[in-house]
$ cat upload00.cif   # mmCIF, C-alpha atoms
data_protein
#
loop_
_atom_site.group_PDB
_atom_site.id
_atom_site.type_symbol
_atom_site.label_atom_id
_atom_site.label_comp_id
_atom_site.auth_asym_id
_atom_site.auth_seq_id
_atom_site.Cartn_x
_atom_site.Cartn_y
_atom_site.Cartn_z
ATOM 1 C CA MET H 748 5.642 10.262 -9.500
ATOM 2 C CA LYS H 749 7.194 8.708 -12.601
ATOM 3 C CA LYS H 750 4.697 6.906 -14.824
ATOM 4 C CA ASP H 751 4.926 3.165 -14.270
ATOM 5 C CA MET H 752 4.369 1.921 -17.819
ATOM 6 C CA LEU H 753 3.972 -1.623 -19.080
ATOM 7 C CA THR H 754 5.647 -2.375 -22.403
ATOM 8 C CA ILE H 755 4.646 -5.354 -24.534
ATOM 9 C CA ALA H 756 6.325 -5.861 -27.905
ATOM 10 C CA GLY H 757 7.307 -2.206 -27.966
ATOM 11 C CA LYS H 758 3.776 -1.000 -27.171
ATOM 12 C CA GLU H 759 3.649 1.239 -24.098
ATOM 13 C CA LEU H 760 0.563 0.827 -21.966
ATOM 14 C CA SER H 761 -0.332 3.044 -19.044
ATOM 15 C CA SER H 762 -3.031 0.594 -17.852
ATOM 16 C CA ARG H 763 -2.245 -2.881 -16.567
ATOM 17 C CA PHE H 764 -5.860 -3.951 -17.035
ATOM 18 C CA PHE H 765 -6.672 -6.223 -19.982
ATOM 19 C CA LEU H 766 -10.422 -6.480 -20.322
ATOM 20 C CA GLY H 767 -12.558 -9.110 -22.009
ATOM 21 C CA THR H 768 -15.656 -8.220 -24.010
ATOM 22 C CA GLY H 769 -17.882 -11.254 -23.452
ATOM 23 C CA ARG H 770 -21.039 -11.814 -21.402
ATOM 24 C CA TYR H 771 -21.988 -8.225 -20.500
ATOM 25 C CA PRO H 772 -25.701 -7.534 -20.033
ATOM 26 C CA ASN H 773 -25.700 -5.223 -23.093
ATOM 27 C CA PRO H 774 -23.347 -3.135 -25.275
ATOM 28 C CA PHE H 775 -24.069 0.046 -23.309
ATOM 29 C CA VAL H 776 -23.007 -1.462 -19.968
ATOM 30 C CA GLN H 777 -20.006 -2.981 -21.705
ATOM 31 C CA ASN H 778 -18.871 0.375 -23.068
ATOM 32 C CA GLU H 779 -19.317 2.055 -19.691
ATOM 33 C CA ALA H 780 -17.371 -0.745 -17.996
ATOM 34 C CA ILE H 781 -14.560 -0.395 -20.544
ATOM 35 C CA LYS H 782 -14.443 3.343 -19.843
ATOM 36 C CA ALA H 783 -14.420 2.846 -16.072
ATOM 37 C CA SER H 784 -11.676 0.221 -16.285
ATOM 38 C CA GLY H 785 -9.250 2.470 -18.132
ATOM 39 C CA ALA H 786 -8.171 -0.660 -20.052
ATOM 40 C CA GLU H 787 -6.212 -0.069 -23.237
ATOM 41 C CA VAL H 788 -6.151 -3.702 -24.353
ATOM 42 C CA LEU H 789 -9.431 -5.480 -25.149
ATOM 43 C CA THR H 790 -9.870 -9.148 -25.924
ATOM 44 C CA PHE H 791 -12.240 -10.742 -28.428
ATOM 45 C CA ALA H 792 -13.097 -14.098 -29.892
ATOM 46 C CA ILE H 793 -13.446 -15.101 -33.543
ATOM 47 C CA ARG H 794 -16.610 -16.871 -34.608
ATOM 48 C CA ARG H 795 -18.567 -17.645 -37.747
ATOM 49 C CA VAL H 796 -20.943 -14.879 -38.777
ATOM 50 C CA ASN H 797 -24.530 -15.937 -38.067
ATOM 51 C CA LEU H 798 -25.898 -15.622 -41.588
ATOM 52 C CA ASP H 799 -29.495 -15.382 -40.358
ATOM 53 C CA ALA H 800 -28.639 -12.292 -38.294
ATOM 54 C CA PRO H 801 -25.274 -11.147 -39.647
ATOM 55 C CA ASN H 802 -24.681 -8.083 -37.476
ATOM 56 C CA GLU H 803 -26.116 -9.223 -34.170
ATOM 57 C CA ASP H 804 -22.852 -10.263 -32.469
ATOM 58 C CA ALA H 805 -20.288 -8.140 -34.298
ATOM 59 C CA ILE H 806 -18.463 -6.571 -31.413
ATOM 60 C CA LEU H 807 -16.409 -3.992 -33.244
ATOM 61 C CA GLN H 808 -19.462 -2.040 -34.373
ATOM 62 C CA HIS H 809 -19.904 -0.906 -30.769
ATOM 63 C CA LEU H 810 -16.329 0.302 -30.389
ATOM 64 C CA GLU H 811 -15.796 2.280 -33.558
ATOM 65 C CA GLY H 812 -13.824 5.452 -33.198
ATOM 66 C CA GLN H 813 -12.112 4.398 -29.967
ATOM 67 C CA LYS H 814 -8.421 3.666 -29.616
ATOM 68 C CA PHE H 815 -7.562 0.272 -28.196
ATOM 69 C CA THR H 816 -5.041 -2.446 -28.719
ATOM 70 C CA TYR H 817 -7.023 -5.482 -29.813
ATOM 71 C CA LEU H 818 -6.116 -8.877 -28.477
ATOM 72 C CA PRO H 819 -8.167 -11.536 -30.278
ATOM 73 C CA ASN H 820 -8.113 -15.004 -28.747
ATOM 74 C CA THR H 821 -8.105 -18.453 -30.293
ATOM 75 C CA SER H 822 -10.853 -19.791 -28.033
ATOM 76 C CA GLY H 823 -12.588 -22.824 -29.450
ATOM 77 C CA ALA H 824 -9.275 -24.244 -30.677
ATOM 78 C CA LYS H 825 -8.532 -27.750 -29.441
ATOM 79 C CA ASN H 826 -5.012 -28.015 -30.848
ATOM 80 C CA ALA H 827 -2.179 -25.912 -32.245
ATOM 81 C CA GLU H 828 -3.331 -26.270 -35.835
ATOM 82 C CA GLU H 829 -6.785 -24.843 -35.077
ATOM 83 C CA ALA H 830 -5.305 -22.038 -32.999
ATOM 84 C CA ILE H 831 -2.924 -21.075 -35.807
ATOM 85 C CA ARG H 832 -5.811 -21.002 -38.272
ATOM 86 C CA ILE H 833 -7.869 -18.740 -36.001
ATOM 87 C CA ALA H 834 -4.849 -16.497 -35.403
ATOM 88 C CA ARG H 835 -4.335 -16.027 -39.118
ATOM 89 C CA LEU H 836 -8.016 -15.180 -39.597
ATOM 90 C CA ALA H 837 -7.773 -12.629 -36.786
ATOM 91 C CA LYS H 838 -4.724 -11.024 -38.352
ATOM 92 C CA ALA H 839 -6.420 -10.868 -41.751
ATOM 93 C CA SER H 840 -9.004 -8.550 -40.206
ATOM 94 C CA GLY H 841 -6.286 -5.924 -40.350
ATOM 95 C CA ILE H 842 -6.955 -4.607 -36.847
ATOM 96 C CA SER H 843 -4.223 -6.399 -34.919
ATOM 97 C CA ASN H 844 -1.272 -8.758 -35.085
ATOM 98 C CA TRP H 845 -1.610 -9.554 -31.376
ATOM 99 C CA ILE H 846 -3.011 -12.947 -30.488
ATOM 100 C CA LYS H 847 -3.957 -14.637 -27.252
ATOM 101 C CA VAL H 848 -3.273 -18.325 -27.800
ATOM 102 C CA GLU H 849 -5.992 -20.220 -25.954
ATOM 103 C CA ILE H 850 -6.227 -23.955 -26.523
ATOM 104 C CA SER H 851 -8.549 -25.979 -24.325
ATOM 105 C CA ALA H 852 -8.655 -29.725 -24.456
ATOM 106 C CA ASN H 853 -11.148 -30.306 -21.647
ATOM 107 C CA GLU H 854 -14.634 -28.804 -21.774
ATOM 108 C CA ARG H 855 -15.279 -29.091 -18.053
ATOM 109 C CA THR H 856 -12.168 -27.260 -16.861
ATOM 110 C CA LEU H 857 -11.218 -25.350 -20.031
ATOM 111 C CA LEU H 858 -7.669 -25.732 -18.774
ATOM 112 C CA PRO H 859 -5.080 -24.951 -21.423
ATOM 113 C CA ASP H 860 -3.316 -27.763 -23.279
ATOM 114 C CA PRO H 861 0.310 -26.898 -22.524
ATOM 115 C CA ILE H 862 1.930 -28.863 -25.333
ATOM 116 C CA GLU H 863 -0.332 -27.529 -28.071
ATOM 117 C CA THR H 864 -0.025 -24.014 -26.602
ATOM 118 C CA LEU H 865 3.754 -24.198 -26.836
ATOM 119 C CA LYS H 866 3.602 -25.460 -30.435
ATOM 120 C CA ALA H 867 1.226 -22.698 -31.539
ATOM 121 C CA THR H 868 3.258 -20.019 -29.755
ATOM 122 C CA GLU H 869 6.415 -21.093 -31.546
ATOM 123 C CA VAL H 870 4.823 -21.054 -34.998
ATOM 124 C CA LEU H 871 2.939 -17.785 -34.549
ATOM 125 C CA ALA H 872 5.883 -15.909 -33.033
ATOM 126 C CA LYS H 873 7.987 -16.941 -36.053
ATOM 127 C CA GLU H 874 5.229 -15.621 -38.333
ATOM 128 C CA GLY H 875 5.506 -12.213 -36.711
ATOM 129 C CA PHE H 876 2.506 -12.311 -34.374
ATOM 130 C CA VAL H 877 2.699 -10.700 -30.957
ATOM 131 C CA VAL H 878 1.834 -13.854 -29.035
ATOM 132 C CA LEU H 879 0.355 -13.846 -25.534
ATOM 133 C CA PRO H 880 -0.321 -17.461 -24.586
ATOM 134 C CA TYR H 881 -2.866 -18.315 -21.910
ATOM 135 C CA THR H 882 -1.270 -21.149 -20.014
ATOM 136 C CA SER H 883 -1.137 -23.158 -16.808
ATOM 137 C CA ASP H 884 0.595 -21.698 -13.758
ATOM 138 C CA ASP H 885 3.674 -23.850 -14.255
ATOM 139 C CA PRO H 886 7.019 -22.007 -13.926
ATOM 140 C CA VAL H 887 8.927 -24.268 -16.312
ATOM 141 C CA LEU H 888 6.237 -24.103 -18.952
ATOM 142 C CA CYS H 889 6.038 -20.311 -18.670
ATOM 143 C CA LYS H 890 9.782 -20.122 -19.245
ATOM 144 C CA ARG H 891 9.497 -22.409 -22.264
ATOM 145 C CA LEU H 892 6.792 -20.159 -23.737
ATOM 146 C CA GLU H 893 9.033 -17.140 -23.258
ATOM 147 C CA GLU H 894 11.850 -18.951 -25.066
ATOM 148 C CA ALA H 895 9.426 -19.878 -27.863
ATOM 149 C CA GLY H 896 8.898 -16.194 -28.543
ATOM 150 C CA ALA H 897 5.910 -15.153 -26.422
ATOM 151 C CA ALA H 898 5.730 -11.359 -26.008
ATOM 152 C CA ALA H 899 4.088 -11.878 -22.616
ATOM 153 C CA VAL H 900 3.023 -15.016 -20.798
ATOM 154 C CA MET H 901 -0.429 -15.339 -19.239
ATOM 155 C CA PRO H 902 -0.759 -18.014 -16.563
ATOM 156 C CA GLY H 903 -4.242 -18.646 -15.202
ATOM 157 C CA GLY H 904 -5.072 -17.970 -11.571
ATOM 158 C CA ALA H 905 -7.813 -20.628 -11.679
ATOM 159 C CA PRO H 906 -9.982 -22.139 -14.445
ATOM 160 C CA ILE H 907 -11.812 -19.630 -16.670
ATOM 161 C CA GLY H 908 -14.936 -18.110 -15.164
ATOM 162 C CA THR H 909 -14.602 -19.824 -11.764
ATOM 163 C CA GLY H 910 -13.755 -16.754 -9.691
ATOM 164 C CA LEU H 911 -11.659 -18.960 -7.409
ATOM 165 C CA GLY H 912 -8.759 -16.504 -7.336
ATOM 166 C CA ILE H 913 -5.101 -17.432 -7.341
ATOM 167 C CA LEU H 914 -4.933 -21.109 -6.464
ATOM 168 C CA ASN H 915 -1.158 -21.342 -6.456
ATOM 169 C CA PRO H 916 0.439 -18.072 -5.367
ATOM 170 C CA TYR H 917 3.750 -19.840 -4.808
ATOM 171 C CA ASN H 918 3.962 -20.791 -8.490
ATOM 172 C CA ILE H 919 2.894 -17.348 -9.666
ATOM 173 C CA GLY H 920 5.650 -15.830 -7.513
ATOM 174 C CA LEU H 921 8.228 -18.152 -9.072
ATOM 175 C CA ILE H 922 6.983 -17.420 -12.585
ATOM 176 C CA VAL H 923 7.417 -13.693 -11.966
ATOM 177 C CA GLU H 924 10.902 -14.164 -10.499
ATOM 178 C CA GLU H 925 12.133 -16.080 -13.527
ATOM 179 C CA ALA H 926 10.463 -14.083 -16.280
ATOM 180 C CA ASN H 927 12.109 -11.764 -18.786
ATOM 181 C CA VAL H 928 8.796 -10.907 -20.447
ATOM 182 C CA PRO H 929 5.681 -9.441 -18.821
ATOM 183 C CA ILE H 930 3.507 -11.876 -16.860
ATOM 184 C CA ILE H 931 -0.241 -11.296 -17.050
ATOM 185 C CA ILE H 932 -2.614 -13.256 -14.828
ATOM 186 C CA ASP H 933 -5.412 -14.440 -17.058
ATOM 187 C CA ALA H 934 -8.561 -16.166 -15.861
ATOM 188 C CA GLY H 935 -10.113 -17.409 -12.649
ATOM 189 C CA LEU H 936 -10.128 -14.175 -10.673
ATOM 190 C CA GLY H 937 -13.230 -13.148 -8.772
ATOM 191 C CA SER H 938 -12.964 -9.890 -6.867
ATOM 192 C CA ALA H 939 -10.702 -6.939 -6.131
ATOM 193 C CA ALA H 940 -8.947 -8.912 -3.365
ATOM 194 C CA ASP H 941 -7.707 -11.446 -5.938
ATOM 195 C CA ILE H 942 -6.398 -8.647 -8.124
ATOM 196 C CA VAL H 943 -4.455 -7.021 -5.301
ATOM 197 C CA GLN H 944 -2.944 -10.394 -4.432
ATOM 198 C CA ALA H 945 -1.917 -10.970 -8.055
ATOM 199 C CA MET H 946 -0.308 -7.564 -8.373
ATOM 200 C CA GLU H 947 1.465 -7.916 -5.017
ATOM 201 C CA LEU H 948 2.981 -11.162 -6.292
ATOM 202 C CA GLY H 949 4.661 -8.970 -8.889
ATOM 203 C CA VAL H 950 2.727 -9.770 -12.040
ATOM 204 C CA ASP H 951 2.728 -7.047 -14.676
ATOM 205 C CA GLY H 952 -0.957 -7.033 -15.447
ATOM 206 C CA VAL H 953 -4.290 -8.798 -15.175
ATOM 207 C CA LEU H 954 -6.732 -10.023 -17.807
ATOM 208 C CA MET H 955 -10.356 -10.320 -16.734
ATOM 209 C CA ASN H 956 -13.736 -10.808 -18.275
ATOM 210 C CA THR H 957 -16.333 -12.724 -16.245
ATOM 211 C CA PRO H 958 -15.665 -11.049 -12.843
ATOM 212 C CA VAL H 959 -16.480 -7.685 -14.416
ATOM 213 C CA ALA H 960 -19.136 -8.681 -16.942
ATOM 214 C CA LYS H 961 -21.139 -10.883 -14.560
ATOM 215 C CA ALA H 962 -20.835 -8.693 -11.455
ATOM 216 C CA LYS H 963 -24.145 -7.254 -10.240
ATOM 217 C CA ASP H 964 -22.856 -3.868 -11.354
ATOM 218 C CA PRO H 965 -20.210 -4.373 -14.049
ATOM 219 C CA VAL H 966 -19.331 -0.674 -14.294
ATOM 220 C CA LYS H 967 -18.640 -0.342 -10.563
ATOM 221 C CA MET H 968 -16.713 -3.608 -10.572
ATOM 222 C CA ALA H 969 -14.569 -2.398 -13.477
ATOM 223 C CA LEU H 970 -13.647 0.628 -11.398
ATOM 224 C CA ALA H 971 -12.984 -1.511 -8.294
ATOM 225 C CA MET H 972 -10.664 -3.735 -10.330
ATOM 226 C CA LYS H 973 -8.840 -0.708 -11.700
ATOM 227 C CA TYR H 974 -8.212 0.586 -8.165
ATOM 228 C CA ALA H 975 -7.155 -2.910 -7.066
ATOM 229 C CA ILE H 976 -4.594 -3.084 -9.875
ATOM 230 C CA ASP H 977 -3.203 0.315 -8.880
ATOM 231 C CA ALA H 978 -3.187 -0.521 -5.153
ATOM 232 C CA GLY H 979 -1.560 -3.917 -5.647
ATOM 233 C CA ARG H 980 1.033 -2.568 -8.041
ATOM 234 C CA LEU H 981 1.965 0.322 -5.727
ATOM 235 C CA SER H 982 2.173 -2.045 -2.769
ATOM 236 C CA TYR H 983 4.471 -4.369 -4.742
ATOM 237 C CA VAL H 984 6.721 -1.534 -5.886
ATOM 238 C CA ALA H 985 6.746 0.033 -2.396
ATOM 239 C CA GLY H 986 7.864 -3.269 -0.839
ATOM 240 C CA ARG H 987 5.880 -4.818 1.987
ATOM 241 C CA ILE H 988 7.248 -5.527 5.468
ATOM 242 C CA PRO H 989 8.334 -9.085 6.213
ATOM 243 C CA LYS H 990 5.858 -11.258 8.125
ATOM 244 C CA LYS H 991 6.863 -11.962 11.755
ATOM 245 C CA LYS H 992 5.456 -14.238 14.424
ATOM 246 C CA TYR H 993 5.531 -11.782 17.359
ATOM 247 C CA ALA H 994 4.667 -8.139 17.891
ATOM 248 C CA THR H 995 6.825 -5.080 17.328
ATOM 249 C CA ALA H 996 5.538 -1.894 19.009
ATOM 250 C CA SER H 997 4.976 1.115 16.809
ATOM 251 C CA SER H 998 6.522 3.429 19.409
ATOM 252 C CA ALA H 999 9.858 2.931 21.164
ATOM 253 C CA PHE H 1000 9.946 1.701 24.781
ATOM 254 C CA GLU H 1001 12.378 4.368 26.024
ATOM 255 C CA ALA H 1002 10.909 7.123 28.212
ATOM 256 C CA PHE H 1003 7.841 5.023 28.932
ATOM 257 C CA ILE H 1004 5.748 7.070 31.433
ATOM 258 C CA THR H 1005 4.962 4.157 33.783
ATOM 259 C CA LYS H 1006 8.664 3.266 34.341
ATOM 260 C CA MET E 5 -24.663 -22.024 -57.726
ATOM 261 C CA GLU E 6 -24.265 -24.183 -54.690
ATOM 262 C CA LEU E 7 -21.743 -23.153 -52.059
ATOM 263 C CA ILE E 8 -20.961 -24.209 -48.533
ATOM 264 C CA ILE E 9 -20.934 -21.091 -46.395
ATOM 265 C CA ASN E 10 -20.160 -21.459 -42.688
ATOM 266 C CA GLY E 11 -20.973 -25.138 -42.929
ATOM 267 C CA GLU E 12 -24.381 -24.643 -44.563
ATOM 268 C CA LEU E 13 -25.239 -25.621 -48.128
ATOM 269 C CA VAL E 14 -26.616 -22.494 -49.829
ATOM 270 C CA THR E 15 -27.616 -21.549 -53.358
ATOM 271 C CA LEU E 16 -26.530 -18.065 -54.386
ATOM 272 C CA ASP E 17 -26.422 -16.248 -57.694
ATOM 273 C CA VAL E 18 -23.020 -14.584 -57.385
ATOM 274 C CA HIS E 19 -19.889 -14.231 -59.506
ATOM 275 C CA TYR E 20 -17.334 -12.585 -57.223
ATOM 276 C CA LEU E 21 -16.573 -12.956 -53.531
ATOM 277 C CA ASP E 22 -17.598 -9.400 -52.681
ATOM 278 C CA GLU E 23 -21.143 -10.199 -53.835
ATOM 279 C CA ILE E 24 -21.443 -12.779 -51.050
ATOM 280 C CA VAL E 25 -20.548 -10.164 -48.466
ATOM 281 C CA LYS E 26 -23.093 -7.790 -50.002
ATOM 282 C CA HIS E 27 -25.752 -10.507 -50.210
ATOM 283 C CA TYR E 28 -25.661 -10.966 -46.437
ATOM 284 C CA GLY E 29 -25.474 -7.232 -45.810
ATOM 285 C CA LEU E 30 -22.136 -7.496 -44.012
ATOM 286 C CA ASP E 31 -19.805 -4.598 -43.294
ATOM 287 C CA LYS E 32 -16.780 -5.699 -45.309
ATOM 288 C CA ASN E 33 -14.377 -4.118 -42.824
ATOM 289 C CA LEU E 34 -15.697 -6.305 -40.010
ATOM 290 C CA VAL E 35 -15.492 -9.711 -41.674
ATOM 291 C CA VAL E 36 -12.732 -12.024 -42.803
ATOM 292 C CA MET E 37 -13.191 -14.581 -45.554
ATOM 293 C CA GLU E 38 -11.570 -17.954 -45.940
ATOM 294 C CA VAL E 39 -12.119 -19.900 -49.154
ATOM 295 C CA ASP E 40 -11.213 -23.595 -49.272
ATOM 296 C CA GLY E 41 -8.880 -23.087 -46.333
ATOM 297 C CA LEU E 42 -7.123 -20.006 -47.706
ATOM 298 C CA ILE E 43 -7.677 -16.505 -46.377
ATOM 299 C CA ILE E 44 -8.546 -14.116 -49.178
ATOM 300 C CA ASP E 45 -7.525 -10.533 -48.581
ATOM 301 C CA ARG E 46 -10.335 -7.980 -48.636
ATOM 302 C CA SER E 47 -8.682 -6.177 -51.547
ATOM 303 C CA GLU E 48 -9.104 -9.297 -53.693
ATOM 304 C CA TRP E 49 -12.790 -9.949 -53.069
ATOM 305 C CA GLU E 50 -13.980 -7.940 -56.064
ATOM 306 C CA THR E 51 -11.760 -9.821 -58.484
ATOM 307 C CA THR E 52 -11.900 -13.360 -57.083
ATOM 308 C CA THR E 53 -14.430 -15.491 -58.925
ATOM 309 C CA VAL E 54 -16.740 -17.828 -57.071
ATOM 310 C CA GLN E 55 -16.880 -21.443 -58.173
ATOM 311 C CA ALA E 56 -19.559 -23.997 -57.360
ATOM 312 C CA GLY E 57 -18.797 -26.144 -54.337
ATOM 313 C CA MET E 58 -16.406 -23.666 -52.726
ATOM 314 C CA LYS E 59 -16.196 -23.926 -48.962
ATOM 315 C CA ILE E 60 -16.417 -20.424 -47.596
ATOM 316 C CA GLU E 61 -16.005 -19.267 -44.031
ATOM 317 C CA LEU E 62 -17.168 -15.805 -43.041
ATOM 318 C CA VAL E 63 -15.911 -14.907 -39.583
ATOM 319 C CA HIS E 64 -15.893 -11.855 -37.375
ATOM 320 C CA PHE E 65 -14.998 -10.727 -33.880
ATOM 321 C CA VAL E 66 -17.438 -11.393 -31.071
ATOM 322 C CA GLY E 67 -17.213 -10.720 -27.365
ATOM 323 C CA GLY E 68 -14.703 -12.874 -25.534
ATOM 324 C CA GLY E 69 -12.077 -12.964 -22.838
#
$ encode --input "upload00.cif" --output "C-alpha cells"
Amino acid sequence: MKKDMLTIAGKELSSRFFLGTGRYPNPFVQNEAIKASGAEVLTFAIRRVNLDAPNEDAILQHLEGQKFTYLPNTSGAKNAEEAIRIARLAKASGISNWIKVEISANERTLLPDPIETLKATEVLAKEGFVVLPYTSDDPVLCKRLEEAGAAAVMPGGAPIGTGLGILNPYNIGLIVEEANVPIIIDAGLGSAADIVQAMELGVDGVLMNTPVAKAKDPVKMALAMKYAIDAGRLSYVAGRIPKKKYATASSAFEAFITK
Amino acid sequence: MELIINGELVTLDVHYLDEIVKHYGLDKNLVVMEVDGLIIDRSEWETTTVQAGMKIELVHFVGGG
C-alpha cells in the first residue's frame, strides 16, 4: 500500500499524531508514551525558568538525541501581542520555526480568542513562522486563518482537557470540505472512539495531550490512539457505506431454499 | 548590581549576559534570553554587557499541549 503521508509546510510526516508533553506522571512514562505513539511532532510550552530550581522543568533535556519536529505553543497568551512575543522567544531557541498559536481569553473554558488568533497568525506567517493556530470549530474562521497564512488549522473538538470529544461533528466536516491546508483536531478528545470519529470526518491529524498523559496507563493509551488514528484514516480513505433506514440482506434472495 | 530577572529583583556581580546563565547553572542551549523586551541571540551573550536595572527574562521549554 502506498504511504499515506501528511505534508505541512513542506515537511513530510508519516504519523498523523501530534503529541503534547505536559502532565505525564514522570519523564520515563512520557518517553515511553512518545515512543508508543509514533508521533513525529511534539508540542511544548514556553515558561520562565524557575531560578530556584533551574533545570527541574526543562523538557528538552529528556529528549536529547531524538528526532522530532517541535511545535511550541503560545499558551498563557491573552492577546495577539503576547502570543507574538512568545512565538519569537520560541524561535530564538533555534530548535523550530513552527508555532502553535494558542490565545485564551477565558480561564474557565480556555476557549481560543478568534480575533486575536487571526491577528497573531497573520503577523507570524508574514515573519516566516510555520503557523498552526488552535481555534474554534467555526468553518468561516478556519478559512480566514488559512487565508492569513496558516500552514495548518487546528480547530478544537471541545475545550482543552475536557475529554468531551467532538461536540460539533457537522462543523468539523464542513471545515474539512472547505480546507486547502491540513486540518488537525486539537483539544477536547477523550478516548480512541473520539479519534476514530475525527479521522472519519476527514481531518488530517490529531493533537492530544491530556487524554494520553492522564490515562491510567499513558503508554497503552498512546498506542490505542495511534491505532485509532490509523483505523479512522483508513476508514475515511476506504469510504464508508451510506446510512439507510431499512435492512439490506448480505446474501441475495434468489435461489432461497424455502421458496 | 541590581537586575530584574524573571520578575524578581536580584543582586548579581556580573558583567556580561553569559555570566547570568552560568550563575544559575543553566544549559545555554536550552534557554532563551530577552533583555528589556529584545531577544538577544545566544551568540551575543558573551559580548553583551549587563547594565543595572535591566529587565531580563530567561525562558525555556516545558511540557505542554
$ resolve_selection --input "upload00.cif" --expression "the PyMOL selection byres ((chain H) within 7 of (chain E))" --output "list of chain:residue names"
H:Gly767, H:Thr768, H:Gly769, H:Thr790, H:Phe791, H:Ala792, H:Ile793, H:Arg794, H:Arg795, H:Val796, H:Leu798, H:Pro801, H:Asp804, H:Ala805, H:Ile806, H:Leu807, H:Leu836, H:Ala839, H:Ser840, H:Met955, H:Asn956
$ resolve_selection --input "upload00.cif" --expression "the PyMOL selection byres ((chain H and resi 943) around 7)" --output "number ranges by chain"
H: 939-942, 944-947, 975-976, 978-979
$ resolve_selection --input "upload00.cif" --expression "the PyMOL selection byres ((chain E and resi 49-53) around 7)" --output "list in words"
His19, Tyr20, Leu21, Asp22, Asp45, Arg46, Ser47, Glu48, Val54 and Gln55 of chain E
$ residues_around --input "upload00.cif" --residues "region 819-830 of chain H" --least-positions-apart "3" --cutoff "9 Å" --atoms "all atoms listed in the file" --output "ChimeraX atom specification"
/H:789-794,833-835,837-838,843-853,860,862-868,870 /E:65,68-69
$ atom_distance --input "upload00.cif" --atom1 "CA of Asp951 (chain H)" --atom2 "CA of Ala780 (chain H)"
21.3 Å
$ residues_near_point --input "upload00.cif" --point "(5.5, -7.7, -17.2)" --cutoff "12 Å" --atoms "only C-alpha atoms" --output "number ranges by chain"
H: 751-756, 759-760, 762-764, 879, 893, 897-901, 922-932, 946, 948-953, 980
$ closest_residue --input "upload00.cif" --among "H:Ser982, H:Ser997, H:Thr957, H:Thr1005" --to "Gln777 (chain H)" --atoms "all atoms listed in the file"
H:Thr957
$ atom_distance --input "upload00.cif" --atom1 "CA of Phe765 (chain H)" --atom2 "CA of Thr856 (chain H)"
22.0 Å
$ atom_distance --input "upload00.cif" --atom1 "CA of Asp884 (chain H)" --atom2 "CA of Gly903 (chain H)"
5.9 Å
$ axis_aligned_box --input "upload00.cif" --around "region 18-24 of chain E" --padding-each-side "6 Å" --output "JSON"
{"center_x": -19.8, "center_y": -12.0, "center_z": -55.3, "size_x": 18.4, "size_y": 17.2, "size_z": 20.5}
$ residues_around --input "upload00.cif" --residues "Ala783 (chain H)" --least-positions-apart "4" --cutoff "10 Å" --atoms "all atoms listed in the file" --output "list in words"
Gln777, Asn778, Glu779, Pro965, Val966, Lys967, Met968, Ala969, Leu970, Ala971, Met972 and Lys973 of chain H
$ decode --input "upload00.cif" --residues "region 905-931 of chain H" --atoms "C-alpha atoms" --output "PDB file, in the first residue's frame"
ATOM      1  CA  ALA H 905     -14.100  20.511  22.814  1.00  0.00           C
ATOM      2  CA  PRO H 906     -12.425  22.740  25.434  1.00  0.00           C
ATOM      3  CA  ILE H 907      -8.866  21.755  26.413  1.00  0.00           C
ATOM      4  CA  GLY H 908      -8.597  18.853  28.830  1.00  0.00           C
ATOM      5  CA  THR H 909     -12.346  18.118  28.973  1.00  0.00           C
ATOM      6  CA  GLY H 910     -12.319  14.802  27.115  1.00  0.00           C
ATOM      7  CA  LEU H 911     -15.792  15.600  25.785  1.00  0.00           C
ATOM      8  CA  GLY H 912     -14.919  14.531  22.244  1.00  0.00           C
ATOM      9  CA  ILE H 913     -16.116  16.217  19.087  1.00  0.00           C
ATOM     10  CA  LEU H 914     -19.005  18.441  20.097  1.00  0.00           C
ATOM     11  CA  ASN H 915     -19.823  19.639  16.603  1.00  0.00           C
ATOM     12  CA  PRO H 916     -19.037  16.986  14.001  1.00  0.00           C
ATOM     13  CA  TYR H 917     -21.112  18.852  11.428  1.00  0.00           C
ATOM     14  CA  ASN H 918     -18.810  21.879  11.643  1.00  0.00           C
ATOM     15  CA  ILE H 919     -15.663  19.767  11.568  1.00  0.00           C
ATOM     16  CA  GLY H 920     -16.956  18.070   8.407  1.00  0.00           C
ATOM     17  CA  LEU H 921     -17.558  21.449   6.770  1.00  0.00           C
ATOM     18  CA  ILE H 922     -14.137  22.732   7.810  1.00  0.00           C
ATOM     19  CA  VAL H 923     -12.504  19.714   6.171  1.00  0.00           C
ATOM     20  CA  GLU H 924     -14.559  20.109   2.988  1.00  0.00           C
ATOM     21  CA  GLU H 925     -13.525  23.726   2.533  1.00  0.00           C
ATOM     22  CA  ALA H 926      -9.881  23.488   3.543  1.00  0.00           C
ATOM     23  CA  ASN H 927      -6.834  23.765   1.306  1.00  0.00           C
ATOM     24  CA  VAL H 928      -4.428  23.250   4.207  1.00  0.00           C
ATOM     25  CA  PRO H 929      -4.288  20.316   6.629  1.00  0.00           C
ATOM     26  CA  ILE H 930      -6.879  20.316   9.419  1.00  0.00           C
ATOM     27  CA  ILE H 931      -5.718  18.983  12.779  1.00  0.00           C
TER      28      ILE H 931
END
